[in-house]
file work_29.cif (mmCIF, C-alpha atoms and all ligand atoms)
data_data
#
loop_
_atom_site.label_atom_id
_atom_site.label_comp_id
_atom_site.auth_asym_id
_atom_site.auth_seq_id
_atom_site.Cartn_x
_atom_site.Cartn_y
_atom_site.Cartn_z
CA MET A 1 45.79 74.58 84.31
CA GLY A 2 42.50 76.47 84.61
CA SER A 3 43.24 77.85 88.08
CA LEU A 4 46.81 78.80 87.08
CA PHE A 5 45.45 80.68 84.10
CA SER A 6 42.83 82.62 86.10
CA LYS A 7 45.44 83.46 88.76
CA SER A 8 47.81 84.98 86.21
CA ALA A 9 44.91 86.94 84.70
CA THR A 10 44.06 88.53 88.05
CA LEU A 11 47.69 89.33 88.92
CA ARG A 12 47.57 92.63 87.07
CA LYS A 13 50.67 94.83 87.17
CA ASN A 14 50.10 98.39 88.31
CA VAL A 15 50.33 101.03 85.58
CA ARG A 16 53.15 103.44 86.47
CA ILE A 17 52.35 107.15 86.81
CA SER A 18 54.94 109.81 85.95
CA ASP A 19 55.38 112.94 88.10
CA GLU A 20 53.79 115.06 85.40
CA GLU A 21 50.77 112.72 85.06
CA PHE A 22 50.42 112.66 88.84
CA VAL A 23 50.24 116.47 89.01
CA GLN A 24 47.70 116.60 86.18
CA LEU A 25 45.45 113.97 87.73
CA ARG A 26 45.84 115.40 91.24
CA ASP A 27 44.85 118.89 90.01
CA PHE A 28 41.87 117.51 88.08
CA ILE A 29 40.62 115.66 91.19
CA TYR A 30 41.13 118.78 93.30
CA GLU A 31 39.29 121.00 90.85
CA LYS A 32 36.30 118.62 90.77
CA SER A 33 36.04 117.52 94.41
CA GLY A 34 38.33 119.62 96.59
CA ILE A 35 40.13 116.41 97.60
CA PHE A 36 43.85 117.06 97.68
CA VAL A 37 46.25 114.13 97.29
CA ASP A 38 49.73 114.73 98.64
CA ALA A 39 52.71 113.73 96.44
CA LYS A 40 53.72 111.24 99.16
CA ARG A 41 50.61 109.24 98.25
CA LYS A 42 51.39 109.03 94.53
CA TYR A 43 51.63 105.24 94.82
CA LEU A 44 47.92 105.24 95.78
CA PHE A 45 46.99 106.37 92.28
CA GLU A 46 48.89 103.44 90.79
CA SER A 47 47.23 100.91 93.06
CA ARG A 48 43.71 102.37 92.92
CA PHE A 49 43.50 103.29 89.23
CA SER A 50 45.29 100.43 87.46
CA LYS A 51 42.20 98.18 87.46
CA ARG A 52 40.05 101.01 86.04
CA LEU A 53 42.58 101.71 83.30
CA GLY A 54 42.51 97.99 82.43
CA GLU A 55 38.68 98.00 82.25
CA LEU A 56 38.86 100.97 79.85
CA ARG A 57 41.66 99.26 77.88
CA LEU A 58 43.93 102.24 78.48
CA THR A 59 47.64 101.67 78.90
CA SER A 60 48.83 104.92 80.48
CA PHE A 61 47.69 107.65 82.86
CA ALA A 62 48.17 110.19 80.07
CA GLU A 63 45.44 108.37 78.08
CA TYR A 64 43.22 108.21 81.15
CA ILE A 65 43.56 111.97 81.82
CA THR A 66 42.57 112.73 78.21
CA TYR A 67 39.63 110.33 78.59
CA LEU A 68 38.52 112.09 81.79
CA LYS A 69 38.71 115.51 80.19
CA CYS A 70 36.48 114.41 77.27
CA ASP A 71 34.02 112.58 79.51
CA ARG A 72 30.48 113.91 80.07
CA GLY A 73 30.25 112.96 83.72
CA GLU A 74 30.03 109.16 83.79
CA GLU A 75 33.77 108.65 84.31
CA LEU A 76 33.80 111.42 86.90
CA LYS A 77 31.45 109.29 89.03
CA GLN A 78 33.89 106.38 88.76
CA LEU A 79 36.73 108.71 89.64
CA PHE A 80 34.93 109.84 92.81
CA GLU A 81 34.57 106.20 93.85
CA LEU A 82 38.32 105.72 93.45
CA VAL A 83 39.46 108.83 95.31
CA THR A 84 37.19 108.77 98.34
CA THR A 85 37.93 107.00 101.61
CA ASN A 86 34.66 105.84 103.12
CA GLU A 87 35.72 104.48 106.52
CA THR A 88 32.87 104.82 109.04
CA SER A 89 30.84 102.92 111.64
CA PHE A 90 27.76 103.31 113.83
CA CYS A 91 28.32 105.24 117.09
CA ARG A 92 31.78 106.25 115.89
CA ASP A 93 33.56 108.17 118.66
CA MET A 94 31.03 107.57 121.41
CA LYS A 95 32.62 110.11 123.80
CA GLN A 96 32.12 112.88 121.28
CA LEU A 97 28.57 111.74 120.58
CA GLU A 98 27.69 111.68 124.28
CA ALA A 99 29.07 115.20 124.77
CA PHE A 100 27.11 116.31 121.71
CA ARG A 101 23.90 114.67 123.00
CA ASP A 102 24.17 116.04 126.56
CA ASN A 103 25.06 119.59 125.57
CA VAL A 104 24.35 120.60 121.96
CA LEU A 105 21.37 118.38 121.19
CA ARG A 106 19.72 118.90 124.57
CA GLU A 107 20.10 122.69 124.19
CA LYS A 108 18.63 122.73 120.69
CA LEU A 109 15.67 120.50 121.61
CA ASP A 110 14.87 122.66 124.67
CA GLU A 111 15.15 125.82 122.61
CA GLN A 112 12.72 124.49 120.00
CA ARG A 113 10.27 123.34 122.69
CA LYS A 114 10.36 126.78 124.32
CA ALA A 115 9.72 128.43 120.95
CA GLY A 116 6.82 126.02 120.35
CA ARG A 117 8.43 124.83 117.09
CA LEU A 118 9.02 121.10 117.28
CA GLU A 119 11.30 121.03 114.24
CA LEU A 120 14.94 120.06 113.89
CA ASN A 121 17.17 119.97 110.81
CA ILE A 122 20.56 118.30 110.83
CA TRP A 123 22.96 118.13 107.88
CA SER A 124 25.37 115.20 107.80
CA ALA A 125 27.99 116.22 105.22
CA GLY A 126 30.18 113.36 104.00
CA CYS A 127 27.92 110.64 105.42
CA SER A 128 29.59 107.71 103.61
CA SER A 129 27.30 104.62 103.78
CA GLY A 130 24.92 106.20 106.29
CA GLU A 131 26.22 105.04 109.69
CA GLU A 132 26.70 108.62 110.95
CA PRO A 133 23.24 110.06 110.11
CA TYR A 134 21.51 106.86 111.27
CA THR A 135 23.44 107.14 114.55
CA LEU A 136 22.14 110.71 114.93
CA ALA A 137 18.60 109.49 114.24
CA ILE A 138 19.05 106.78 116.91
CA LEU A 139 20.30 109.38 119.42
CA LEU A 140 17.15 111.41 118.78
CA LEU A 141 14.88 108.38 119.13
CA GLU A 142 16.58 107.52 122.43
CA MET A 143 16.21 111.07 123.74
CA LEU A 144 12.71 111.88 122.58
CA ARG A 145 11.08 108.43 122.97
CA MET A 146 7.26 108.80 122.58
CA GLU A 147 7.58 112.57 122.09
CA ILE A 148 9.24 112.02 118.70
CA SER A 149 5.87 111.58 116.96
CA ARG A 150 5.18 115.29 117.61
CA TRP A 151 8.46 116.41 116.05
CA LYS A 152 9.35 117.14 112.44
CA ILE A 153 12.93 115.92 112.19
CA THR A 154 14.98 115.91 108.98
CA ILE A 155 18.54 114.67 108.78
CA THR A 156 19.86 115.50 105.31
CA ALA A 157 22.79 113.21 104.57
CA VAL A 158 25.03 113.75 101.55
CA ASP A 159 28.13 112.18 100.08
CA LEU A 160 30.21 112.49 96.92
CA SER A 161 30.09 108.75 96.33
CA SER A 162 26.91 107.49 94.59
CA ARG A 163 27.83 103.95 95.62
CA MET A 164 27.87 104.93 99.29
CA ILE A 165 24.55 106.76 98.98
CA GLU A 166 22.96 103.65 97.42
CA ARG A 167 24.28 101.53 100.30
CA ALA A 168 23.00 104.05 102.83
CA LYS A 169 19.53 104.00 101.26
CA ALA A 170 19.48 100.19 101.29
CA GLY A 171 20.36 100.33 105.01
CA VAL A 172 21.73 96.79 105.33
CA TYR A 173 25.01 96.40 107.22
CA GLY A 174 27.58 93.73 107.99
CA GLU A 175 29.50 93.11 111.20
CA TYR A 176 32.18 95.76 110.47
CA ALA A 177 29.67 98.63 110.70
CA PHE A 178 28.95 97.69 114.33
CA LYS A 179 32.53 97.63 115.58
CA THR A 180 31.91 100.71 117.78
CA THR A 181 28.25 99.98 118.60
CA PRO A 182 26.77 98.71 121.86
CA ASP A 183 24.84 95.45 121.31
CA ALA A 184 21.69 96.88 122.86
CA ILE A 185 21.56 99.55 120.12
CA ARG A 186 21.94 96.95 117.39
CA ARG A 187 19.14 94.82 118.86
CA ARG A 188 16.79 97.78 119.30
CA TYR A 189 17.23 99.52 115.94
CA PHE A 190 18.12 96.74 113.45
CA THR A 191 16.46 93.57 112.19
CA GLN A 192 18.57 90.57 111.22
CA VAL A 193 18.20 89.67 107.54
CA ALA A 194 20.03 87.18 105.28
CA GLU A 195 22.67 89.77 104.21
CA GLY A 196 23.28 91.29 107.66
CA TRP A 197 21.35 93.80 109.76
CA LYS A 198 18.67 96.10 108.33
CA ILE A 199 18.02 99.49 109.85
CA ARG A 200 14.46 99.79 111.19
CA PRO A 201 11.95 102.03 109.37
CA GLU A 202 11.47 104.37 112.36
CA VAL A 203 15.17 105.31 112.06
CA GLN A 204 15.25 105.35 108.27
CA ARG A 205 12.31 107.74 107.94
CA LEU A 206 14.27 110.49 109.76
CA VAL A 207 17.08 110.53 107.16
CA GLN A 208 17.05 111.83 103.56
CA PHE A 209 20.05 110.79 101.46
CA ARG A 210 21.38 112.46 98.34
CA GLN A 211 24.55 112.36 96.28
CA MET A 212 26.20 115.77 96.50
CA ASN A 213 29.57 117.39 96.03
CA LEU A 214 30.61 119.73 98.85
CA ASN A 215 32.65 121.55 96.21
CA ASP A 216 29.42 122.67 94.52
CA PRO A 217 28.21 125.95 96.10
CA LEU A 218 24.80 125.84 94.41
CA ALA A 219 24.14 122.32 95.68
CA THR A 220 25.08 123.30 99.23
CA LYS A 221 22.57 126.18 99.04
CA ARG A 222 19.78 123.67 98.37
CA ILE A 223 20.28 121.95 101.74
CA PRO A 224 17.56 123.07 104.20
CA ARG A 225 18.86 125.53 106.84
CA SER A 226 20.01 123.53 109.85
CA GLN A 227 20.41 123.84 113.60
CA ILE A 228 23.28 121.34 113.47
CA VAL A 229 25.88 120.36 110.86
CA PHE A 230 27.95 117.20 111.23
CA CYS A 231 31.05 116.97 109.07
CA ARG A 232 33.37 114.46 110.67
CA ASN A 233 36.50 113.01 109.09
CA VAL A 234 35.88 114.72 105.74
CA ILE A 235 37.82 118.00 105.74
CA ILE A 236 41.04 116.06 106.44
CA TYR A 237 40.99 115.20 102.73
CA PHE A 238 40.85 118.87 101.68
CA ASP A 239 43.56 121.54 101.47
CA GLU A 240 43.32 124.80 103.45
CA THR A 241 41.50 126.72 100.70
CA MET A 242 38.83 124.04 100.29
CA LYS A 243 38.49 123.63 104.08
CA ARG A 244 37.79 127.36 104.41
CA ARG A 245 35.31 127.30 101.53
CA VAL A 246 33.35 124.34 102.89
CA VAL A 247 33.31 125.66 106.45
CA GLN A 248 31.87 128.92 105.05
CA TYR A 249 29.08 126.89 103.32
CA PHE A 250 28.30 125.29 106.69
CA TYR A 251 28.27 128.72 108.34
CA ASP A 252 25.84 130.03 105.72
CA ASN A 253 23.62 126.97 106.10
CA LEU A 254 23.45 127.11 109.91
CA LEU A 255 20.68 129.06 111.62
CA PRO A 256 21.86 131.62 114.21
CA GLY A 257 22.95 129.73 117.34
CA GLY A 258 23.55 126.57 115.29
CA TYR A 259 26.44 124.16 115.80
CA LEU A 260 29.07 122.58 113.60
CA MET A 261 30.63 119.29 114.74
CA VAL A 262 33.85 118.10 113.10
CA GLY A 263 35.86 114.91 113.69
CA HIS A 264 37.56 114.61 117.06
CA SER A 265 41.03 114.89 115.48
CA GLU A 266 39.98 117.90 113.36
CA SER A 267 39.83 121.55 114.32
CA LEU A 268 38.73 124.89 112.86
CA HIS A 269 41.80 126.54 114.35
CA LYS A 270 43.39 128.60 111.50
CA ILE A 271 40.39 127.80 109.24
CA SER A 272 37.62 129.97 110.57
CA GLN A 273 37.32 132.68 113.21
CA THR A 274 33.58 133.02 112.72
CA PHE A 275 32.56 130.16 115.03
CA LYS A 276 32.88 130.18 118.81
CA PRO A 277 34.51 126.93 120.02
CA LEU A 278 32.86 125.37 123.07
CA PHE A 279 34.89 122.76 124.93
CA TYR A 280 33.23 119.73 126.51
CA ALA A 281 34.82 116.57 127.91
CA GLY A 282 35.42 114.53 124.74
CA ALA A 283 34.26 117.09 122.18
CA ILE A 284 34.51 120.58 120.77
CA ALA A 285 31.37 122.11 119.29
CA TYR A 286 31.59 125.18 117.04
CA LYS A 287 28.77 127.64 117.57
CA LYS A 288 27.50 130.20 115.09
CA GLU A 289 26.72 133.10 117.39
CA GLU A 290 23.23 134.62 117.34
C1 LIG B 301 36.05 108.92 106.10
S1 LIG B 301 34.45 109.17 105.51
C2 LIG B 301 33.65 109.85 106.93
C3 LIG B 301 32.27 109.31 107.15
C4 LIG B 301 31.57 109.82 108.41
N1 LIG B 301 31.39 111.26 108.38
C5 LIG B 301 32.32 109.42 109.64
O1 LIG B 301 32.99 110.24 110.27
O2 LIG B 301 32.25 108.24 110.01
C6 LIG B 301 34.66 110.59 104.43
C7 LIG B 301 33.51 110.76 103.45
O3 LIG B 301 33.60 112.07 102.87
C8 LIG B 301 33.15 111.98 101.54
N2 LIG B 301 33.63 113.13 100.74
C9 LIG B 301 34.91 113.43 100.41
N3 LIG B 301 34.94 114.53 99.61
C10 LIG B 301 33.65 114.92 99.46
C11 LIG B 301 33.04 115.98 98.72
N4 LIG B 301 33.75 116.86 98.00
N5 LIG B 301 31.69 116.08 98.77
C12 LIG B 301 30.95 115.21 99.50
N6 LIG B 301 31.48 114.18 100.20
C13 LIG B 301 32.82 114.04 100.18
C14 LIG B 301 33.71 110.66 101.06
O4 LIG B 301 33.02 110.14 99.95
C15 LIG B 301 33.59 109.78 102.30
O5 LIG B 301 32.45 108.95 102.27
#
call {"tool": "encode", "arguments": {"input": "work_29.cif", "output": "structure tokens", "more": "lines below"}}
Ligand SMILES: C[S@@+](CC[C@H](N)C(=O)[O-])C[C@H]1O[C@@H](n2cnc3c(N)ncnc32)[C@H](O)[C@@H]1O
result
Amino acid sequence: MGSLFSKSATLRKNVRISDEEFVQLRDFIYEKSGIFVDAKRKYLFESRFSKRLGELRLTSFAEYITYLKCDRGEELKQLFELVTTNETSFCRDMKQLEAFRDNVLREKLDEQRKAGRLELNIWSAGCSSGEEPYTLAILLLEMLRMEISRWKITITAVDLSSRMIERAKAGVYGEYAFKTTPDAIRRRYFTQVAEGWKIRPEVQRLVQFRQMNLNDPLATKRIPRSQIVFCRNVIIYFDETMKRRVVQYFYDNLLPGGYLMVGHSESLHKISQTFKPLFYAGAIAYKKEE
């Protein structure tokens, strides 16, 4: 009896969303985050939001939209958790990372050495649970070895999702996070703990995490000026207008001669003419000319 009862309680039916409610909710999400949900993915709202509506004891999307509009920010945080896709892993797209390391990173490190300024700022925009910025920190540790103690390196990693930023700060990962990671890297830069694998302090100290909305121009201005911006697999969730806006924020943030790296299936073609694309085997890097 007991198990039957609990099963029926968890088999919640999805709340249906009308076309009009879909448009209202989609526009609200777009206005707040720049994330654009295509009408073909309307069903996603029903599957992702029904549990939240139940928790709030709301019976329709119309009620939920009113609730969101009266909210002072708390529900917005919950909304961001529901609309973001946080797929990531360490060493994601190794070919791209190797091309980045051997060309872009090497060039920037040499340039700084020549200028006698051992400083490097990288912005990881849309960092999810931290695998991308920690991978960049590991690349730097591998390249600089003992020399790293003389460098001032800051990787500023931001994401819309507070939950992801908390996970990133905790720095403990399960098996899934390592699906694209060579074993040697895991052994060198992680310590096994009861809950999984914990990132080592020498990697963690290179990365600063903060919750941030890329749709907030003032917040983007507070990011330190960078030599390199990483924004991989993020702009795919934006429409053309938001893509252009965000790419302009990256351009403004980058120092002259700086580089923007986007996901390997993404491109700035039709989005921005201000960067010069440089083609390497396995990667395109976008350069802000000096
Ligand atoms: C698919 S993940 C990509 C993670 C990582 N860059 C990678 O390539 O492995 C996309 C991330 O972008 C974040 N994101 C989406 N819209 C955002 C916004 N407006 N501001 C900041 N982050 C955003 C999501 O929360 C999500 O964690």
call {"tool": "axis_aligned_box", "arguments": {"input": "work_29.cif", "around": "region 27-34 of chain A", "padding_each_side": "8 Å", "output": "JSON"}}
result
{"center_x": 40.4, "center_y": 118.3, "center_z": 92.3, "size_x": 24.8, "size_y": 21.3, "size_z": 24.5}
call {"tool": "residues_around", "arguments": {"input": "work_29.cif", "residues": "Pro224 (chain A)", "least_positions_apart": "5", "cutoff": "10 Å", "atoms": "all atoms listed in the file", "output": "PyMOL selection string"}}
result
chain A and resi 121-123+154-156+253-254
call {"tool": "residues_around", "arguments": {"input": "work_29.cif", "residues": "Asp252 (chain A)", "least_positions_apart": "6", "cutoff": "12 Å", "atoms": "only C-alpha atoms", "output": "list in words"}}
result
Pro217, Thr220, Lys221, Arg222, Ile223, Pro224, Arg225, Ser226, Gln227, Ile228, Val229, Arg245, Val246, Gly258, Tyr259, Leu260, Thr274, Phe275 and Lys288 of chain A
call {"tool": "residues_near_ligand", "arguments": {"input": "work_29.cif", "ligand": "ligand LIG 301 (chain B)", "cutoff": "7 Å", "atoms": "only C-alpha atoms and all ligand atoms", "output": "tab-separated table (two decimals) with C-alpha atoms, in the frame of the given file"}}
result
chain	number	residue	atom	x	y	z
A	33	SER	CA	36.04	117.52	94.41
A	34	GLY	CA	38.33	119.62	96.59
A	35	ILE	CA	40.13	116.41	97.60
A	84	THR	CA	37.19	108.77	98.34
A	85	THR	CA	37.93	107.00	101.61
A	86	ASN	CA	34.66	105.84	103.12
A	87	GLU	CA	35.72	104.48	106.52
A	88	THR	CA	32.87	104.82	109.04
A	89	SER	CA	30.84	102.92	111.64
A	92	ARG	CA	31.78	106.25	115.89
A	125	ALA	CA	27.99	116.22	105.22
A	126	GLY	CA	30.18	113.36	104.00
A	127	CYS	CA	27.92	110.64	105.42
A	128	SER	CA	29.59	107.71	103.61
A	129	SER	CA	27.30	104.62	103.78
A	131	GLU	CA	26.22	105.04	109.69
A	132	GLU	CA	26.70	108.62	110.95
A	158	VAL	CA	25.03	113.75	101.55
A	159	ASP	CA	28.13	112.18	100.08
A	160	LEU	CA	30.21	112.49	96.92
A	161	SER	CA	30.09	108.75	96.33
A	164	MET	CA	27.87	104.93	99.29
A	212	MET	CA	26.20	115.77	96.50
A	213	ASN	CA	29.57	117.39	96.03
A	214	LEU	CA	30.61	119.73	98.85
A	215	ASN	CA	32.65	121.55	96.21
A	231	CYS	CA	31.05	116.97	109.07
A	232	ARG	CA	33.37	114.46	110.67
A	233	ASN	CA	36.50	113.01	109.09
A	234	VAL	CA	35.88	114.72	105.74
A	237	TYR	CA	40.99	115.20	102.73
A	263	GLY	CA	35.86	114.91	113.69
call {"tool": "residues_around", "arguments": {"input": "work_29.cif", "residues": "Asn103 (chain A)", "least_positions_apart": "3", "cutoff": "12 Å", "atoms": "all atoms listed in the file", "output": "MDAnalysis selection string"}}
result
chainID A and resid 96:100 106:110 259 278:285 287
call {"tool": "closest_atom_pairs", "arguments": {"input": "work_29.cif", "of": "region 78-193 of chain A", "to": "region 54-68 of chain A", "cutoff": "12 Å", "atoms": "all atoms listed in the file", "output": "CSV"}}
result
residue,atom,partner,partner_atom,distance
A:Gln78,CA,A:Leu68,CA,10.1
A:Leu79,CA,A:Leu68,CA,8.7
A:Phe80,CA,A:Leu68,CA,11.8
call {"tool": "atom_distance", "arguments": {"input": "work_29.cif", "atom1": "CA of Ser47 (chain A)", "atom2": "CA of Arg163 (chain A)"}}
result
19.8 Å
call {"tool": "atom_distance", "arguments": {"input": "work_29.cif", "atom1": "CA of Phe90 (chain A)", "atom2": "CA of Ser267 (chain A)"}}
result
21.9 Å
call {"tool": "closest_residue", "arguments": {"input": "work_29.cif", "among": "A:Ser272, A:Gln192, A:Ser50, A:Gln204", "to": "Ala170 (chain A)", "atoms": "all atoms listed in the file"}}
result
A:Gln204
call {"tool": "atom_distance", "arguments": {"input": "work_29.cif", "atom1": "CA of His269 (chain A)", "atom2": "CA of Lys40 (chain A)"}}
result
24.6 Å
call {"tool": "residues_around", "arguments": {"input": "work_29.cif", "residues": "Ile153 (chain A)", "least_positions_apart": "6", "cutoff": "9 Å", "atoms": "all atoms listed in the file", "output": "NGL selection string"}}
result
:A and (118-122 or 137 or 206-207)
call {"tool": "closest_residue", "arguments": {"input": "work_29.cif", "among": "A:Arg150, A:Arg145, A:Lys95, A:Arg210", "to": "Arg117 (chain A)", "atoms": "only C-alpha atoms"}}
result
A:Arg150
